[in-house]
file protein38.pdb (PDB, C-alpha atoms)
ATOM      1  CA  MET A   1      -3.541  14.282  -2.278  1.00  0.00           C
ATOM      2  CA  ILE A   2      -2.398  10.739  -2.856  1.00  0.00           C
ATOM      3  CA  ARG A   3      -3.801   7.626  -1.257  1.00  0.00           C
ATOM      4  CA  VAL A   4      -1.065   5.164  -0.359  1.00  0.00           C
ATOM      5  CA  GLU A   5      -2.143   1.673   0.604  1.00  0.00           C
ATOM      6  CA  ILE A   6       0.262  -0.935   1.932  1.00  0.00           C
ATOM      7  CA  ILE A   7      -0.674  -4.575   2.406  1.00  0.00           C
ATOM      8  CA  ALA A   8       1.983  -6.744   4.005  1.00  0.00           C
ATOM      9  CA  ASN A   9       2.575  -9.779   6.179  1.00  0.00           C
ATOM     10  CA  HIS A  10       2.254  -9.201   9.937  1.00  0.00           C
ATOM     11  CA  SER A  11       5.862 -10.292  10.348  1.00  0.00           C
ATOM     12  CA  VAL A  12       7.100  -6.966   8.930  1.00  0.00           C
ATOM     13  CA  GLU A  13       4.596  -4.571  10.528  1.00  0.00           C
ATOM     14  CA  GLU A  14       7.013  -3.253  13.161  1.00  0.00           C
ATOM     15  CA  ASN A  15       9.747  -2.900  10.531  1.00  0.00           C
ATOM     16  CA  VAL A  16       7.436  -0.850   8.300  1.00  0.00           C
ATOM     17  CA  LEU A  17       6.563   1.554  11.106  1.00  0.00           C
ATOM     18  CA  GLU A  18      10.255   1.877  12.061  1.00  0.00           C
ATOM     19  CA  ALA A  19      11.179   2.574   8.424  1.00  0.00           C
ATOM     20  CA  PHE A  20       8.512   5.296   8.344  1.00  0.00           C
ATOM     21  CA  GLN A  21      10.062   6.868  11.447  1.00  0.00           C
ATOM     22  CA  ASP A  22      13.553   6.708   9.939  1.00  0.00           C
ATOM     23  CA  GLU A  23      12.298   8.349   6.741  1.00  0.00           C
ATOM     24  CA  GLY A  24      10.152  10.908   8.592  1.00  0.00           C
ATOM     25  CA  VAL A  25       6.898   9.835   6.915  1.00  0.00           C
ATOM     26  CA  GLY A  26       3.649   8.101   7.809  1.00  0.00           C
ATOM     27  CA  LYS A  27       2.902  10.097  10.925  1.00  0.00           C
ATOM     28  CA  TYR A  28      -0.843   9.795  10.264  1.00  0.00           C
ATOM     29  CA  TYR A  29      -2.316   6.548   8.985  1.00  0.00           C
ATOM     30  CA  THR A  30      -5.194   4.110   9.315  1.00  0.00           C
ATOM     31  CA  LEU A  31      -4.209   0.574  10.298  1.00  0.00           C
ATOM     32  CA  TYR A  32      -6.327  -2.454   9.485  1.00  0.00           C
ATOM     33  CA  PRO A  33      -4.668  -4.983  11.789  1.00  0.00           C
ATOM     34  CA  ASN A  34      -6.069  -8.299  10.499  1.00  0.00           C
ATOM     35  CA  VAL A  35      -6.437  -8.569   6.751  1.00  0.00           C
ATOM     36  CA  THR A  36      -7.029 -11.858   4.980  1.00  0.00           C
ATOM     37  CA  GLY A  37      -6.927 -12.725   1.312  1.00  0.00           C
ATOM     38  CA  ILE A  38      -4.974 -14.330  -1.477  1.00  0.00           C
ATOM     39  CA  GLY A  39      -2.193 -12.489  -3.267  1.00  0.00           C
ATOM     40  CA  SER A  40       0.829 -13.314  -5.369  1.00  0.00           C
ATOM     41  CA  SER A  41       2.710 -14.582  -2.302  1.00  0.00           C
ATOM     42  CA  GLY A  42      -0.087 -17.014  -1.375  1.00  0.00           C
ATOM     43  CA  PRO A  43      -3.101 -17.221   0.919  1.00  0.00           C
ATOM     44  CA  ARG A  44      -3.199 -15.347   4.223  1.00  0.00           C
ATOM     45  CA  MET A  45      -6.453 -16.523   5.769  1.00  0.00           C
ATOM     46  CA  GLY A  46      -5.799 -16.581   9.518  1.00  0.00           C
ATOM     47  CA  ASP A  47      -7.138 -20.133   9.858  1.00  0.00           C
ATOM     48  CA  ALA A  48      -5.723 -23.583  10.617  1.00  0.00           C
ATOM     49  CA  ILE A  49      -4.855 -24.243   6.972  1.00  0.00           C
ATOM     50  CA  TRP A  50      -3.380 -20.826   6.087  1.00  0.00           C
ATOM     51  CA  PRO A  51      -2.560 -19.323   9.503  1.00  0.00           C
ATOM     52  CA  GLU A  52      -0.771 -16.147   8.460  1.00  0.00           C
ATOM     53  CA  GLU A  53      -2.532 -12.788   8.187  1.00  0.00           C
ATOM     54  CA  ASN A  54      -1.640  -9.460   6.668  1.00  0.00           C
ATOM     55  CA  PHE A  55      -2.130  -5.927   7.869  1.00  0.00           C
ATOM     56  CA  ALA A  56      -3.053  -2.912   5.770  1.00  0.00           C
ATOM     57  CA  LEU A  57      -2.086   0.742   6.145  1.00  0.00           C
ATOM     58  CA  VAL A  58      -3.873   3.584   4.373  1.00  0.00           C
ATOM     59  CA  ILE A  59      -2.241   6.995   4.235  1.00  0.00           C
ATOM     60  CA  TRP A  60      -3.479  10.160   2.522  1.00  0.00           C
ATOM     61  CA  CYS A  61      -0.538  12.464   1.850  1.00  0.00           C
ATOM     62  CA  GLU A  62       1.203  14.804  -0.551  1.00  0.00           C
ATOM     63  CA  ALA A  63       3.550  13.601  -3.309  1.00  0.00           C
ATOM     64  CA  GLU A  64       6.730  14.284  -1.329  1.00  0.00           C
ATOM     65  CA  GLU A  65       5.581  12.113   1.566  1.00  0.00           C
ATOM     66  CA  ALA A  66       4.432   9.388  -0.847  1.00  0.00           C
ATOM     67  CA  ALA A  67       7.957   9.303  -2.283  1.00  0.00           C
ATOM     68  CA  GLY A  68       9.368   8.926   1.239  1.00  0.00           C
ATOM     69  CA  ILE A  69       6.946   6.091   1.943  1.00  0.00           C
ATOM     70  CA  ARG A  70       8.140   4.363  -1.233  1.00  0.00           C
ATOM     71  CA  ARG A  71      11.767   4.699  -0.095  1.00  0.00           C
ATOM     72  CA  ALA A  72      10.908   3.330   3.350  1.00  0.00           C
ATOM     73  CA  MET A  73       9.042   0.376   1.869  1.00  0.00           C
ATOM     74  CA  ALA A  74      11.858  -0.376  -0.569  1.00  0.00           C
ATOM     75  CA  LYS A  75      14.230  -0.659   2.403  1.00  0.00           C
ATOM     76  CA  VAL A  76      11.855  -3.040   4.180  1.00  0.00           C
ATOM     77  CA  LYS A  77      11.458  -5.162   1.034  1.00  0.00           C
ATOM     78  CA  GLU A  78      15.237  -5.239   0.576  1.00  0.00           C
ATOM     79  CA  ARG A  79      15.608  -6.528   4.133  1.00  0.00           C
ATOM     80  CA  PHE A  80      12.746  -9.058   3.771  1.00  0.00           C
ATOM     81  CA  PRO A  81      12.666 -10.045   0.083  1.00  0.00           C
ATOM     82  CA  ASP A  82      10.563 -13.166   0.605  1.00  0.00           C
ATOM     83  CA  GLU A  83       7.728 -11.537   2.565  1.00  0.00           C
ATOM     84  CA  GLY A  84       4.529 -10.447   0.885  1.00  0.00           C
ATOM     85  CA  ILE A  85       4.682  -6.645   0.728  1.00  0.00           C
ATOM     86  CA  ARG A  86       2.634  -4.543  -1.710  1.00  0.00           C
ATOM     87  CA  LEU A  87       2.234  -0.795  -2.102  1.00  0.00           C
ATOM     88  CA  PHE A  88      -0.572   0.838  -4.087  1.00  0.00           C
ATOM     89  CA  THR A  89      -1.151   4.488  -4.903  1.00  0.00           C
ATOM     90  CA  LEU A  90      -4.158   6.422  -6.109  1.00  0.00           C
ATOM     91  CA  GLY A  91      -4.164  10.124  -6.816  1.00  0.00           C
ATOM     92  CA  GLU A  92      -2.044  12.855  -8.352  1.00  0.00           C
ATOM     93  CA  GLU A  93       0.829  10.562  -9.343  1.00  0.00           C
ATOM     94  CA  THR A  94      -1.436   8.438 -11.521  1.00  0.00           C
ATOM     95  CA  ALA A  95      -3.679  11.255 -12.792  1.00  0.00           C
ATOM     96  CA  ASP A  96      -2.045  11.342 -16.241  1.00  0.00           C
ATOM     97  CA  SER A  97      -3.295   7.850 -17.002  1.00  0.00           C
ATOM     98  CA  VAL A  98      -6.839   8.282 -15.652  1.00  0.00           C
ATOM     99  CA  PRO A  99      -9.320   8.340 -18.534  1.00  0.00           C
ATOM    100  CA  VAL A 100     -11.309  11.536 -18.918  1.00  0.00           C
ATOM    101  CA  ASN A 101     -15.079  11.253 -19.008  1.00  0.00           C
ATOM    102  CA  THR A 102     -16.045  13.056 -22.232  1.00  0.00           C
ATOM    103  CA  ASP A 103     -19.753  12.236 -22.322  1.00  0.00           C
ATOM    104  CA  SER A 104     -22.441  14.152 -20.446  1.00  0.00           C
ATOM    105  CA  SER A 105     -23.306  11.418 -17.932  1.00  0.00           C
ATOM    106  CA  PRO A 106     -22.649  12.189 -14.247  1.00  0.00           C
ATOM    107  CA  ARG A 107     -20.412   9.175 -13.607  1.00  0.00           C
ATOM    108  CA  PRO A 108     -16.756   9.954 -12.847  1.00  0.00           C
ATOM    109  CA  PRO A 109     -13.883   8.373 -14.755  1.00  0.00           C
ATOM    110  CA  ALA A 110     -12.611   5.048 -13.458  1.00  0.00           C
ATOM    111  CA  PRO A 111      -9.654   5.537 -11.114  1.00  0.00           C
ATOM    112  CA  ASN A 112      -6.230   4.198 -11.930  1.00  0.00           C
ATOM    113  CA  TYR A 113      -5.237   2.108  -8.928  1.00  0.00           C
ATOM    114  CA  ALA A 114      -1.583   1.418  -9.559  1.00  0.00           C
ATOM    115  CA  GLY A 115      -0.063  -1.473  -7.608  1.00  0.00           C
ATOM    116  CA  GLU A 116       3.681  -1.688  -7.304  1.00  0.00           C
ATOM    117  CA  ASN A 117       5.768  -4.744  -6.718  1.00  0.00           C
ATOM    118  CA  ILE A 118       8.328  -3.177  -4.393  1.00  0.00           C
TER
END
call {"tool": "encode", "arguments": {"input": "protein38.pdb", "output": "structure tokens"}}
result
Amino acid sequence: MIRVEIIANHSVEENVLEAFQDEGVGKYYTLYPNVTGIGSSGPRMGDAIWPEENFALVIWCEAEEAAGIRRAMAKVKERFPDEGIRLFTLGEETADSVPVNTDSSPRPPAPNYAGENI
């Protein structure tokens, strides 16, 4: 299983969901409708100074669906190149670069949380 996380400006939310439909992916997801923070495209704080907000989608899926999500998001980014759109994955795709815990302590290896600038 792969965890796909998308954080993007509210202005493209409908376009993301339509792109998922067109690609036949993202049938099951968790939506965080009002996400604030500061990223490479600037602050999104939902206040009088920085009024914009983001949304976040989290999807657990297999590798084939993750590839379809990437294609869908690339199309959205192509259509809206100036909007803040980020896609992150965690899971099987990044497993080769996850360090292996070789000592006897019970702590798991640190995950590789790979962000993509799509």
call {"tool": "residues_around", "arguments": {"input": "protein38.pdb", "residues": "Arg3 of chain A", "least_positions_apart": "5", "cutoff": "10 Å", "atoms": "all atoms listed in the file", "output": "count of residues only"}}
result
14
call {"tool": "resolve_selection", "arguments": {"input": "protein38.pdb", "expression": "the PyMOL selection byres ((chain A and resi 18-29) around 7)", "output": "PDB file with C-alpha atoms, in the coordinates of the input"}}
result
ATOM      1  CA  GLU A  14       7.013  -3.253  13.161  1.00  0.00           C
ATOM      2  CA  ASN A  15       9.747  -2.900  10.531  1.00  0.00           C
ATOM      3  CA  VAL A  16       7.436  -0.850   8.300  1.00  0.00           C
ATOM      4  CA  LEU A  17       6.563   1.554  11.106  1.00  0.00           C
ATOM      5  CA  THR A  30      -5.194   4.110   9.315  1.00  0.00           C
ATOM      6  CA  LEU A  31      -4.209   0.574  10.298  1.00  0.00           C
ATOM      7  CA  LEU A  57      -2.086   0.742   6.145  1.00  0.00           C
ATOM      8  CA  VAL A  58      -3.873   3.584   4.373  1.00  0.00           C
ATOM      9  CA  ILE A  59      -2.241   6.995   4.235  1.00  0.00           C
ATOM     10  CA  GLU A  65       5.581  12.113   1.566  1.00  0.00           C
ATOM     11  CA  GLY A  68       9.368   8.926   1.239  1.00  0.00           C
ATOM     12  CA  ILE A  69       6.946   6.091   1.943  1.00  0.00           C
ATOM     13  CA  ALA A  72      10.908   3.330   3.350  1.00  0.00           C
TER      14      ALA A  72
END
call {"tool": "closest_residue", "arguments": {"input": "protein38.pdb", "among": "A:Pro33, A:Phe55, A:Met45, A:Lys77", "to": "Ile6 of chain A", "atoms": "all atoms listed in the file"}}
result
A:Phe55
call {"tool": "resolve_selection", "arguments": {"input": "protein38.pdb", "expression": "the PyMOL selection byres ((chain A and resi 44) around 12)", "output": "list in words"}}
result
Ile7, Ala8, Asn9, His10, Asn34, Val35, Thr36, Gly37, Ile38, Gly39, Ser40, Ser41, Gly42, Pro43, Met45, Gly46, Asp47, Ala48, Ile49, Trp50, Pro51, Glu52, Glu53, Asn54, Phe55, Glu83 and Gly84 of chain A
call {"tool": "closest_residue", "arguments": {"input": "protein38.pdb", "among": "A:Ser11, A:Tyr32, A:Leu87, A:Ile2", "to": "Met73 of chain A", "atoms": "all atoms listed in the file"}}
result
A:Leu87
call {"tool": "atom_distance", "arguments": {"input": "protein38.pdb", "atom1": "atom CA of Val12 of chain A", "atom2": "atom CA of Arg71 of chain A"}}
result
15.5 Å
call {"tool": "build_atoms", "arguments": {"input": "protein38.pdb", "residues": "segment 34-66 of chain A", "atoms": "N, CA and C atoms", "output": "PDB file, in the frame of the given file"}}
result
ATOM      1  N   ASN A  34      -5.918  -6.903  10.907  1.00  0.00           N
ATOM      2  CA  ASN A  34      -6.069  -8.299  10.499  1.00  0.00           C
ATOM      3  C   ASN A  34      -6.745  -8.370   9.141  1.00  0.00           C
ATOM      4  N   VAL A  35      -5.938  -8.547   8.115  1.00  0.00           N
ATOM      5  CA  VAL A  35      -6.437  -8.569   6.751  1.00  0.00           C
ATOM      6  C   VAL A  35      -6.163  -9.951   6.165  1.00  0.00           C
ATOM      7  N   THR A  36      -7.189 -10.550   5.608  1.00  0.00           N
ATOM      8  CA  THR A  36      -7.029 -11.858   4.980  1.00  0.00           C
ATOM      9  C   THR A  36      -7.260 -11.738   3.483  1.00  0.00           C
ATOM     10  N   GLY A  37      -6.739 -12.713   2.755  1.00  0.00           N
ATOM     11  CA  GLY A  37      -6.927 -12.725   1.312  1.00  0.00           C
ATOM     12  C   GLY A  37      -5.879 -13.584   0.628  1.00  0.00           C
ATOM     13  N   ILE A  38      -5.914 -13.557  -0.684  1.00  0.00           N
ATOM     14  CA  ILE A  38      -4.974 -14.330  -1.477  1.00  0.00           C
ATOM     15  C   ILE A  38      -4.293 -13.386  -2.445  1.00  0.00           C
ATOM     16  N   GLY A  39      -2.972 -13.330  -2.371  1.00  0.00           N
ATOM     17  CA  GLY A  39      -2.193 -12.489  -3.267  1.00  0.00           C
ATOM     18  C   GLY A  39      -1.128 -13.306  -3.956  1.00  0.00           C
ATOM     19  N   SER A  40      -0.203 -12.621  -4.607  1.00  0.00           N
ATOM     20  CA  SER A  40       0.829 -13.314  -5.369  1.00  0.00           C
ATOM     21  C   SER A  40       1.778 -14.119  -4.491  1.00  0.00           C
ATOM     22  N   SER A  41       1.837 -13.809  -3.191  1.00  0.00           N
ATOM     23  CA  SER A  41       2.710 -14.582  -2.302  1.00  0.00           C
ATOM     24  C   SER A  41       1.930 -15.660  -1.545  1.00  0.00           C
ATOM     25  N   GLY A  42       0.685 -15.918  -1.945  1.00  0.00           N
ATOM     26  CA  GLY A  42      -0.087 -17.014  -1.375  1.00  0.00           C
ATOM     27  C   GLY A  42      -1.188 -16.567  -0.441  1.00  0.00           C
ATOM     28  N   PRO A  43      -1.979 -17.529   0.027  1.00  0.00           N
ATOM     29  CA  PRO A  43      -3.101 -17.221   0.919  1.00  0.00           C
ATOM     30  C   PRO A  43      -2.638 -16.761   2.296  1.00  0.00           C
ATOM     31  N   ARG A  44      -3.363 -15.813   2.845  1.00  0.00           N
ATOM     32  CA  ARG A  44      -3.199 -15.347   4.223  1.00  0.00           C
ATOM     33  C   ARG A  44      -4.620 -15.300   4.782  1.00  0.00           C
ATOM     34  N   MET A  45      -5.060 -16.399   5.376  1.00  0.00           N
ATOM     35  CA  MET A  45      -6.453 -16.523   5.769  1.00  0.00           C
ATOM     36  C   MET A  45      -6.689 -16.511   7.282  1.00  0.00           C
ATOM     37  N   GLY A  46      -5.640 -16.609   8.076  1.00  0.00           N
ATOM     38  CA  GLY A  46      -5.799 -16.581   9.518  1.00  0.00           C
ATOM     39  C   GLY A  46      -6.548 -17.786  10.064  1.00  0.00           C
ATOM     40  N   ASP A  47      -6.455 -18.925   9.384  1.00  0.00           N
ATOM     41  CA  ASP A  47      -7.138 -20.133   9.858  1.00  0.00           C
ATOM     42  C   ASP A  47      -6.128 -21.269  10.041  1.00  0.00           C
ATOM     43  N   ALA A  48      -6.616 -22.446  10.353  1.00  0.00           N
ATOM     44  CA  ALA A  48      -5.723 -23.583  10.617  1.00  0.00           C
ATOM     45  C   ALA A  48      -4.951 -24.023   9.377  1.00  0.00           C
ATOM     46  N   ILE A  49      -5.513 -23.828   8.211  1.00  0.00           N
ATOM     47  CA  ILE A  49      -4.855 -24.243   6.972  1.00  0.00           C
ATOM     48  C   ILE A  49      -3.828 -23.194   6.524  1.00  0.00           C
ATOM     49  N   TRP A  50      -4.231 -21.943   6.491  1.00  0.00           N
ATOM     50  CA  TRP A  50      -3.380 -20.826   6.087  1.00  0.00           C
ATOM     51  C   TRP A  50      -3.330 -19.838   7.252  1.00  0.00           C
ATOM     52  N   PRO A  51      -2.487 -20.084   8.249  1.00  0.00           N
ATOM     53  CA  PRO A  51      -2.560 -19.323   9.503  1.00  0.00           C
ATOM     54  C   PRO A  51      -2.080 -17.868   9.454  1.00  0.00           C
ATOM     55  N   GLU A  52      -1.291 -17.515   8.481  1.00  0.00           N
ATOM     56  CA  GLU A  52      -0.771 -16.147   8.460  1.00  0.00           C
ATOM     57  C   GLU A  52      -1.867 -15.142   8.098  1.00  0.00           C
ATOM     58  N   GLU A  53      -1.663 -13.900   8.546  1.00  0.00           N
ATOM     59  CA  GLU A  53      -2.532 -12.788   8.187  1.00  0.00           C
ATOM     60  C   GLU A  53      -1.674 -11.600   7.775  1.00  0.00           C
ATOM     61  N   ASN A  54      -2.283 -10.713   7.053  1.00  0.00           N
ATOM     62  CA  ASN A  54      -1.640  -9.460   6.668  1.00  0.00           C
ATOM     63  C   ASN A  54      -2.182  -8.332   7.519  1.00  0.00           C
ATOM     64  N   PHE A  55      -1.586  -7.173   7.347  1.00  0.00           N
ATOM     65  CA  PHE A  55      -2.130  -5.927   7.869  1.00  0.00           C
ATOM     66  C   PHE A  55      -2.190  -4.971   6.691  1.00  0.00           C
ATOM     67  N   ALA A  56      -2.973  -3.930   6.816  1.00  0.00           N
ATOM     68  CA  ALA A  56      -3.053  -2.912   5.770  1.00  0.00           C
ATOM     69  C   ALA A  56      -2.940  -1.533   6.409  1.00  0.00           C
ATOM     70  N   LEU A  57      -2.210  -0.660   5.749  1.00  0.00           N
ATOM     71  CA  LEU A  57      -2.086   0.742   6.145  1.00  0.00           C
ATOM     72  C   LEU A  57      -2.629   1.597   5.013  1.00  0.00           C
ATOM     73  N   VAL A  58      -3.393   2.618   5.359  1.00  0.00           N
ATOM     74  CA  VAL A  58      -3.873   3.584   4.373  1.00  0.00           C
ATOM     75  C   VAL A  58      -3.413   4.961   4.835  1.00  0.00           C
ATOM     76  N   ILE A  59      -2.769   5.672   3.933  1.00  0.00           N
ATOM     77  CA  ILE A  59      -2.241   6.995   4.235  1.00  0.00           C
ATOM     78  C   ILE A  59      -2.645   7.951   3.109  1.00  0.00           C
ATOM     79  N   TRP A  60      -3.223   9.078   3.471  1.00  0.00           N
ATOM     80  CA  TRP A  60      -3.479  10.160   2.522  1.00  0.00           C
ATOM     81  C   TRP A  60      -2.391  11.195   2.741  1.00  0.00           C
ATOM     82  N   CYS A  61      -1.665  11.555   1.680  1.00  0.00           N
ATOM     83  CA  CYS A  61      -0.538  12.464   1.850  1.00  0.00           C
ATOM     84  C   CYS A  61      -0.239  13.200   0.549  1.00  0.00           C
ATOM     85  N   GLU A  62       0.726  14.085   0.626  1.00  0.00           N
ATOM     86  CA  GLU A  62       1.203  14.804  -0.551  1.00  0.00           C
ATOM     87  C   GLU A  62       2.273  13.958  -1.266  1.00  0.00           C
ATOM     88  N   ALA A  63       2.627  14.373  -2.473  1.00  0.00           N
ATOM     89  CA  ALA A  63       3.550  13.601  -3.309  1.00  0.00           C
ATOM     90  C   ALA A  63       4.914  13.398  -2.650  1.00  0.00           C
ATOM     91  N   GLU A  64       5.415  14.403  -1.965  1.00  0.00           N
ATOM     92  CA  GLU A  64       6.730  14.284  -1.329  1.00  0.00           C
ATOM     93  C   GLU A  64       6.726  13.192  -0.261  1.00  0.00           C
ATOM     94  N   GLU A  65       5.665  13.153   0.539  1.00  0.00           N
ATOM     95  CA  GLU A  65       5.581  12.113   1.566  1.00  0.00           C
ATOM     96  C   GLU A  65       5.396  10.736   0.926  1.00  0.00           C
ATOM     97  N   ALA A  66       4.618  10.661  -0.148  1.00  0.00           N
ATOM     98  CA  ALA A  66       4.432   9.388  -0.847  1.00  0.00           C
ATOM     99  C   ALA A  66       5.768   8.850  -1.347  1.00  0.00           C
TER     100      ALA A  66
END
